[in-house]
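Notes follow the structure.
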Amino acid sequence: MPATVVVGTQWGDEGKGKLTDLMAKDVRLVVRYQGGHNAGHTIVVDGETFVLQLVPSGVLYSHTTPIIGNGVVVDPAVLLEECGMLERRGIDTSRLVVSGNAHLIMPYHYELDKMTERYLGHNKLGTTKRGIGPAYADKAARIGLRAQDLLDPKIFRQKLDVVLREKNAILSRVYNRLPLDADDIADLYLGDLAPKLAPMLGDSVALVHEALSAGEQVMLEGAQATFLDVDHGTYPYVTSSNPTAGGACVGTGIGPRDIDRVVGIVKAYTTRVGSGPFPTEADGETADVLVERGHEYGTNTGRRRRPGWLDLVMIRQAVRLNSISELALTKLDVLSEFDTIKVCVAYEAAGARYEHMPYHQSVLHDVTPVYEELPGWRSDLKGATSAAQLPGAARAYVDLVAAQAGVPVTFASVGPGREQYVSFAP
């Protein structure tokens, strides 16, 4: 049975965790395919909130095997801490499998991430300073350490000694930082972390292909979102991997013909964290209402997110880039506070109209959004259990999103809880 990809269509924080958790009840494997612990998924089950950084959302179902794929970068200490948190709350994590090809985040990655951001000054990228970018840079430079290296202390130490000479030279001579000690790092990773992580390591590619061959449902879960993609996002204000659906193939070891469904997650308005262009960014009371009603603070960092109206130019571009087959709309209930709701349907710049994102960053920074205004519904949606129970204005909003995106909206979230949603599926 072909796989399903769940991908964010904006700048992240769309609510992918909720949908992934909801879909996982019918899935055998849930595979995280990129990113690291710089992304957080929040899931609310029976009033209890779970915040996941690395462990795939499917862990909350006993029949599902959660897998951290080869495309993910992993800090073993963070992963083990997250597993411990889940175990203390009654969630079994013994089924978790970590790809032996996943790259490790090392202490020098954290140091380099912090120093680079500091030295960029007002040009900083707004990273989470969790070592993600430097870890991916080492992967591309072919000097990274992988999870499987923890199983061979000799190889681990050889690789560590080579790379640490370079990193310490940069830290001490460029950033005036104290060098890191190879013995201390080896003791931590090989002595403390490796014995605990070793039982989780496995051949994730084989597991995914075995499940697909057996006709079992497999879901591929991305972190971040389309416009944080290192190739297709608002570069350089992006992450260091490929959250788009194409990254799901590379990050799990399957081919495009193994995927037949791509679900794009769309927040009913737009937010982003950190620096970068944002054509529909709101300010004043509108911004405050979106932030407070939507609880728009970073899951990991606690930073206030930048809010704005829904940008359908972005969504159309995301549909293109990901071959999205359907959309899931989240946080529709947050818009219940407004008498009038704006939706961006195009951009204008220098006399030209753009229906899709302009490729040149200088144009994107200068565009003016073209808005359609829709009437609000001013009623609480949280009790709705079917599309027929939504106010007419809310249905019209959903219909506009589908018409402008060119693909159907099959799901709308009307509250934070697992079961607070309505289905538009035929």
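By convention in this document, the chains of the structure tokens carry letters A, B, ... by their order, each chain's residues are numbered from 1, and ligands are numbered from 1 in the order they are shown.
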
Neighbours of His41 (chain A) within 9 Å (only C-alpha atoms; same-chain residues fewer than 6 positions away dropped), as a ChimeraX atom specification? /A:13,15-18,50-54,56-57,223,299

Restricted to N, CA, C and O atoms, what would the selected residues look like written as a PDB file, in the first residue's frame?
```pdb
ATOM      1  N   ASP A  13       4.394  25.381  12.194  1.00  0.00           N
ATOM      2  CA  ASP A  13       3.416  25.626  13.260  1.00  0.00           C
ATOM      3  C   ASP A  13       1.983  25.560  12.755  1.00  0.00           C
ATOM      4  O   ASP A  13       1.086  26.196  13.308  1.00  0.00           O
ATOM      5  N   GLY A  15       0.062  22.897  12.794  1.00  0.00           N
ATOM      6  CA  GLY A  15      -0.732  21.893  13.505  1.00  0.00           C
ATOM      7  C   GLY A  15      -0.572  20.510  12.905  1.00  0.00           C
ATOM      8  O   GLY A  15      -1.495  19.691  12.967  1.00  0.00           O
ATOM      9  N   LYS A  16       0.601  20.225  12.355  1.00  0.00           N
ATOM     10  CA  LYS A  16       0.843  18.909  11.734  1.00  0.00           C
ATOM     11  C   LYS A  16       0.735  17.791  12.751  1.00  0.00           C
ATOM     12  O   LYS A  16       0.295  16.689  12.433  1.00  0.00           O
ATOM     13  N   GLY A  17       1.166  18.088  13.997  1.00  0.00           N
ATOM     14  CA  GLY A  17       1.146  17.047  15.018  1.00  0.00           C
ATOM     15  C   GLY A  17      -0.244  16.516  15.275  1.00  0.00           C
ATOM     16  O   GLY A  17      -0.452  15.306  15.413  1.00  0.00           O
ATOM     17  N   LYS A  18      -1.228  17.411  15.318  1.00  0.00           N
ATOM     18  CA  LYS A  18      -2.600  16.985  15.572  1.00  0.00           C
ATOM     19  C   LYS A  18      -3.102  16.073  14.461  1.00  0.00           C
ATOM     20  O   LYS A  18      -3.687  15.014  14.719  1.00  0.00           O
ATOM     21  N   PHE A  50       0.600  16.807  25.005  1.00  0.00           N
ATOM     22  CA  PHE A  50       1.903  16.195  24.762  1.00  0.00           C
ATOM     23  C   PHE A  50       2.652  17.068  23.759  1.00  0.00           C
ATOM     24  O   PHE A  50       2.129  17.391  22.694  1.00  0.00           O
ATOM     25  N   VAL A  51       3.874  17.445  24.100  1.00  0.00           N
ATOM     26  CA  VAL A  51       4.724  18.220  23.206  1.00  0.00           C
ATOM     27  C   VAL A  51       5.884  17.336  22.781  1.00  0.00           C
ATOM     28  O   VAL A  51       6.695  16.908  23.607  1.00  0.00           O
ATOM     29  N   LEU A  52       5.958  17.045  21.484  1.00  0.00           N
ATOM     30  CA  LEU A  52       6.973  16.150  20.940  1.00  0.00           C
ATOM     31  C   LEU A  52       7.947  16.937  20.078  1.00  0.00           C
ATOM     32  O   LEU A  52       7.538  17.788  19.279  1.00  0.00           O
ATOM     33  N   GLN A  53       9.226  16.643  20.224  1.00  0.00           N
ATOM     34  CA  GLN A  53      10.241  17.313  19.422  1.00  0.00           C
ATOM     35  C   GLN A  53      10.848  16.372  18.383  1.00  0.00           C
ATOM     36  O   GLN A  53      11.062  16.759  17.245  1.00  0.00           O
ATOM     37  N   LEU A  54      11.159  15.162  18.793  1.00  0.00           N
ATOM     38  CA  LEU A  54      11.798  14.198  17.899  1.00  0.00           C
ATOM     39  C   LEU A  54      10.961  12.950  17.671  1.00  0.00           C
ATOM     40  O   LEU A  54      10.922  12.417  16.560  1.00  0.00           O
ATOM     41  N   PRO A  56       8.117  10.649  16.669  1.00  0.00           N
ATOM     42  CA  PRO A  56       6.953  10.825  15.784  1.00  0.00           C
ATOM     43  C   PRO A  56       5.636  10.735  16.542  1.00  0.00           C
ATOM     44  O   PRO A  56       5.519  10.032  17.553  1.00  0.00           O
ATOM     45  N   SER A  57       4.634  11.444  16.014  1.00  0.00           N
ATOM     46  CA  SER A  57       3.352  11.568  16.708  1.00  0.00           C
ATOM     47  C   SER A  57       2.656  10.232  16.940  1.00  0.00           C
ATOM     48  O   SER A  57       1.871  10.087  17.877  1.00  0.00           O
ATOM     49  N   ALA A 223       8.828  17.853   9.578  1.00  0.00           N
ATOM     50  CA  ALA A 223       8.892  18.959  10.532  1.00  0.00           C
ATOM     51  C   ALA A 223       9.008  20.252   9.730  1.00  0.00           C
ATOM     52  O   ALA A 223       9.198  20.230   8.518  1.00  0.00           O
ATOM     53  N   THR A 299       6.624  26.335  20.401  1.00  0.00           N
ATOM     54  CA  THR A 299       6.552  25.150  21.253  1.00  0.00           C
ATOM     55  C   THR A 299       7.868  24.913  21.960  1.00  0.00           C
ATOM     56  O   THR A 299       7.905  24.531  23.137  1.00  0.00           O
TER      57      THR A 299
END
```

Closest of A:Ser379, A:Ser240, A:Gln217, A:Ser62 to Ala137 (chain A), counting only C-alpha atoms, is A:Ser240

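Note that DSSP on the backbone gives strand (DSSP E or B) to these residues of region 77-188 of chain A: Val97, Val98, Ser99, His103, Leu104 and Arg146 of chain A.
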
Save the residues we just selected, N, CA, C and O atoms, as a PDB file, in the first residue's frame?
```pdb
ATOM      1  N   VAL A  97      12.056   3.218  16.666  1.00  0.00           N
ATOM      2  CA  VAL A  97      13.238   2.809  15.911  1.00  0.00           C
ATOM      3  C   VAL A  97      13.917   4.064  15.373  1.00  0.00           C
ATOM      4  O   VAL A  97      13.272   4.946  14.807  1.00  0.00           O
ATOM      5  N   VAL A  98      15.234   4.129  15.549  1.00  0.00           N
ATOM      6  CA  VAL A  98      16.034   5.246  15.048  1.00  0.00           C
ATOM      7  C   VAL A  98      16.945   4.727  13.948  1.00  0.00           C
ATOM      8  O   VAL A  98      17.676   3.746  14.144  1.00  0.00           O
ATOM      9  N   SER A  99      16.897   5.359  12.796  1.00  0.00           N
ATOM     10  CA  SER A  99      17.750   4.941  11.695  1.00  0.00           C
ATOM     11  C   SER A  99      19.221   5.046  12.078  1.00  0.00           C
ATOM     12  O   SER A  99      19.665   6.063  12.622  1.00  0.00           O
ATOM     13  N   HIS A 103      22.062  11.404  11.352  1.00  0.00           N
ATOM     14  CA  HIS A 103      23.264  12.081  11.839  1.00  0.00           C
ATOM     15  C   HIS A 103      23.065  12.613  13.245  1.00  0.00           C
ATOM     16  O   HIS A 103      21.950  12.957  13.649  1.00  0.00           O
ATOM     17  N   LEU A 104      24.180  12.678  13.980  1.00  0.00           N
ATOM     18  CA  LEU A 104      24.156  13.114  15.371  1.00  0.00           C
ATOM     19  C   LEU A 104      24.447  14.606  15.484  1.00  0.00           C
ATOM     20  O   LEU A 104      25.300  15.142  14.778  1.00  0.00           O
ATOM     21  N   ARG A 146      27.311   9.592  12.546  1.00  0.00           N
ATOM     22  CA  ARG A 146      25.968   9.042  12.440  1.00  0.00           C
ATOM     23  C   ARG A 146      25.643   8.196  13.662  1.00  0.00           C
ATOM     24  O   ARG A 146      26.521   7.787  14.415  1.00  0.00           O
TER      25      ARG A 146
END
```

Residues within 9 Å of region 76-83 of chain A, only C-alpha atoms, excluding chain neighbours under 5 positions, as a ChimeraX atom specification: /A:37,52-55,88,91-94,104-105,147,189,193-194,196-197

Preceding selection exported with N, CA, C and O atoms as a JSON list (two decimals), in the first residue's frame:
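This went into out.json:
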```json
[["chain", "number", "residue", "atom", "x", "y", "z"],
["A", 37, "HIS", "N", 15.35, 18.56, 16.72],
["A", 37, "HIS", "CA", 14.52, 19.00, 17.85],
["A", 37, "HIS", "C", 14.32, 20.51, 17.85],
["A", 37, "HIS", "O", 14.02, 21.12, 18.88],
["A", 52, "LEU", "N", 5.96, 17.05, 21.48],
["A", 52, "LEU", "CA", 6.97, 16.15, 20.94],
["A", 52, "LEU", "C", 7.95, 16.94, 20.08],
["A", 52, "LEU", "O", 7.54, 17.79, 19.28],
["A", 53, "GLN", "N", 9.23, 16.64, 20.22],
["A", 53, "GLN", "CA", 10.24, 17.31, 19.42],
["A", 53, "GLN", "C", 10.85, 16.37, 18.38],
["A", 53, "GLN", "O", 11.06, 16.76, 17.25],
["A", 54, "LEU", "N", 11.16, 15.16, 18.79],
["A", 54, "LEU", "CA", 11.80, 14.20, 17.90],
["A", 54, "LEU", "C", 10.96, 12.95, 17.67],
["A", 54, "LEU", "O", 10.92, 12.42, 16.56],
["A", 55, "VAL", "N", 10.30, 12.47, 18.69],
["A", 55, "VAL", "CA", 9.53, 11.23, 18.58],
["A", 55, "VAL", "C", 8.31, 11.47, 17.69],
["A", 55, "VAL", "O", 7.55, 12.42, 17.91],
["A", 88, "ARG", "N", 7.20, 8.28, 31.64],
["A", 88, "ARG", "CA", 6.67, 8.71, 32.94],
["A", 88, "ARG", "C", 5.18, 9.03, 32.86],
["A", 88, "ARG", "O", 4.47, 8.96, 33.86],
["A", 91, "ILE", "N", 3.31, 6.36, 28.37],
["A", 91, "ILE", "CA", 3.41, 6.07, 26.94],
["A", 91, "ILE", "C", 4.60, 5.16, 26.69],
["A", 91, "ILE", "O", 5.74, 5.49, 27.03],
["A", 92, "ASP", "N", 4.35, 4.02, 26.09],
["A", 92, "ASP", "CA", 5.41, 3.05, 25.80],
["A", 92, "ASP", "C", 6.23, 3.52, 24.59],
["A", 92, "ASP", "O", 5.69, 3.73, 23.50],
["A", 93, "THR", "N", 7.53, 3.69, 24.79],
["A", 93, "THR", "CA", 8.41, 4.11, 23.69],
["A", 93, "THR", "C", 9.32, 2.99, 23.21],
["A", 93, "THR", "O", 10.23, 3.21, 22.41],
["A", 94, "SER", "N", 9.09, 1.78, 23.69],
["A", 94, "SER", "CA", 9.98, 0.67, 23.32],
["A", 94, "SER", "C", 9.89, 0.32, 21.84],
["A", 94, "SER", "O", 10.77, -0.36, 21.30],
["A", 104, "LEU", "N", 24.18, 12.68, 13.98],
["A", 104, "LEU", "CA", 24.16, 13.11, 15.37],
["A", 104, "LEU", "C", 24.45, 14.61, 15.48],
["A", 104, "LEU", "O", 25.30, 15.14, 14.78],
["A", 105, "ILE", "N", 23.72, 15.26, 16.37],
["A", 105, "ILE", "CA", 24.05, 16.62, 16.76],
["A", 105, "ILE", "C", 25.06, 16.54, 17.90],
["A", 105, "ILE", "O", 24.83, 15.85, 18.90],
["A", 147, "ALA", "N", 24.36, 7.93, 13.82],
["A", 147, "ALA", "CA", 23.93, 7.16, 14.99],
["A", 147, "ALA", "C", 24.61, 5.80, 15.05],
["A", 147, "ALA", "O", 24.96, 5.31, 16.13],
["A", 189, "TYR", "N", 29.02, 10.53, 24.93],
["A", 189, "TYR", "CA", 28.30, 9.87, 23.86],
["A", 189, "TYR", "C", 28.48, 8.35, 23.90],
["A", 189, "TYR", "O", 27.51, 7.60, 23.69],
["A", 193, "LEU", "N", 25.39, 7.78, 26.62],
["A", 193, "LEU", "CA", 24.27, 7.79, 25.68],
["A", 193, "LEU", "C", 24.18, 6.54, 24.82],
["A", 193, "LEU", "O", 23.08, 6.04, 24.57],
["A", 194, "ALA", "N", 25.31, 6.04, 24.34],
["A", 194, "ALA", "CA", 25.28, 4.90, 23.42],
["A", 194, "ALA", "C", 24.57, 3.67, 23.99],
["A", 194, "ALA", "O", 23.76, 3.05, 23.29],
["A", 196, "LYS", "N", 22.15, 3.43, 26.01],
["A", 196, "LYS", "CA", 20.71, 3.66, 26.09],
["A", 196, "LYS", "C", 20.09, 3.78, 24.70],
["A", 196, "LYS", "O", 18.94, 3.38, 24.49],
["A", 197, "LEU", "N", 20.84, 4.33, 23.75],
["A", 197, "LEU", "CA", 20.31, 4.52, 22.41],
["A", 197, "LEU", "C", 20.43, 3.27, 21.55],
["A", 197, "LEU", "O", 19.61, 3.05, 20.64]]
```

Taking only C-alpha atoms into account, which of A:Glu166, A:Trp11, A:Asp46, A:Lys342 comes nearest Tyr237 (chain A)? A:Trp11

Find the spatial neighbours of His109 (chain A), counting only C-alpha atoms, within a cut-off of 9 Å - ignore same-chain residues fewer than 5 positions away - and output them as a count of residues only. 9
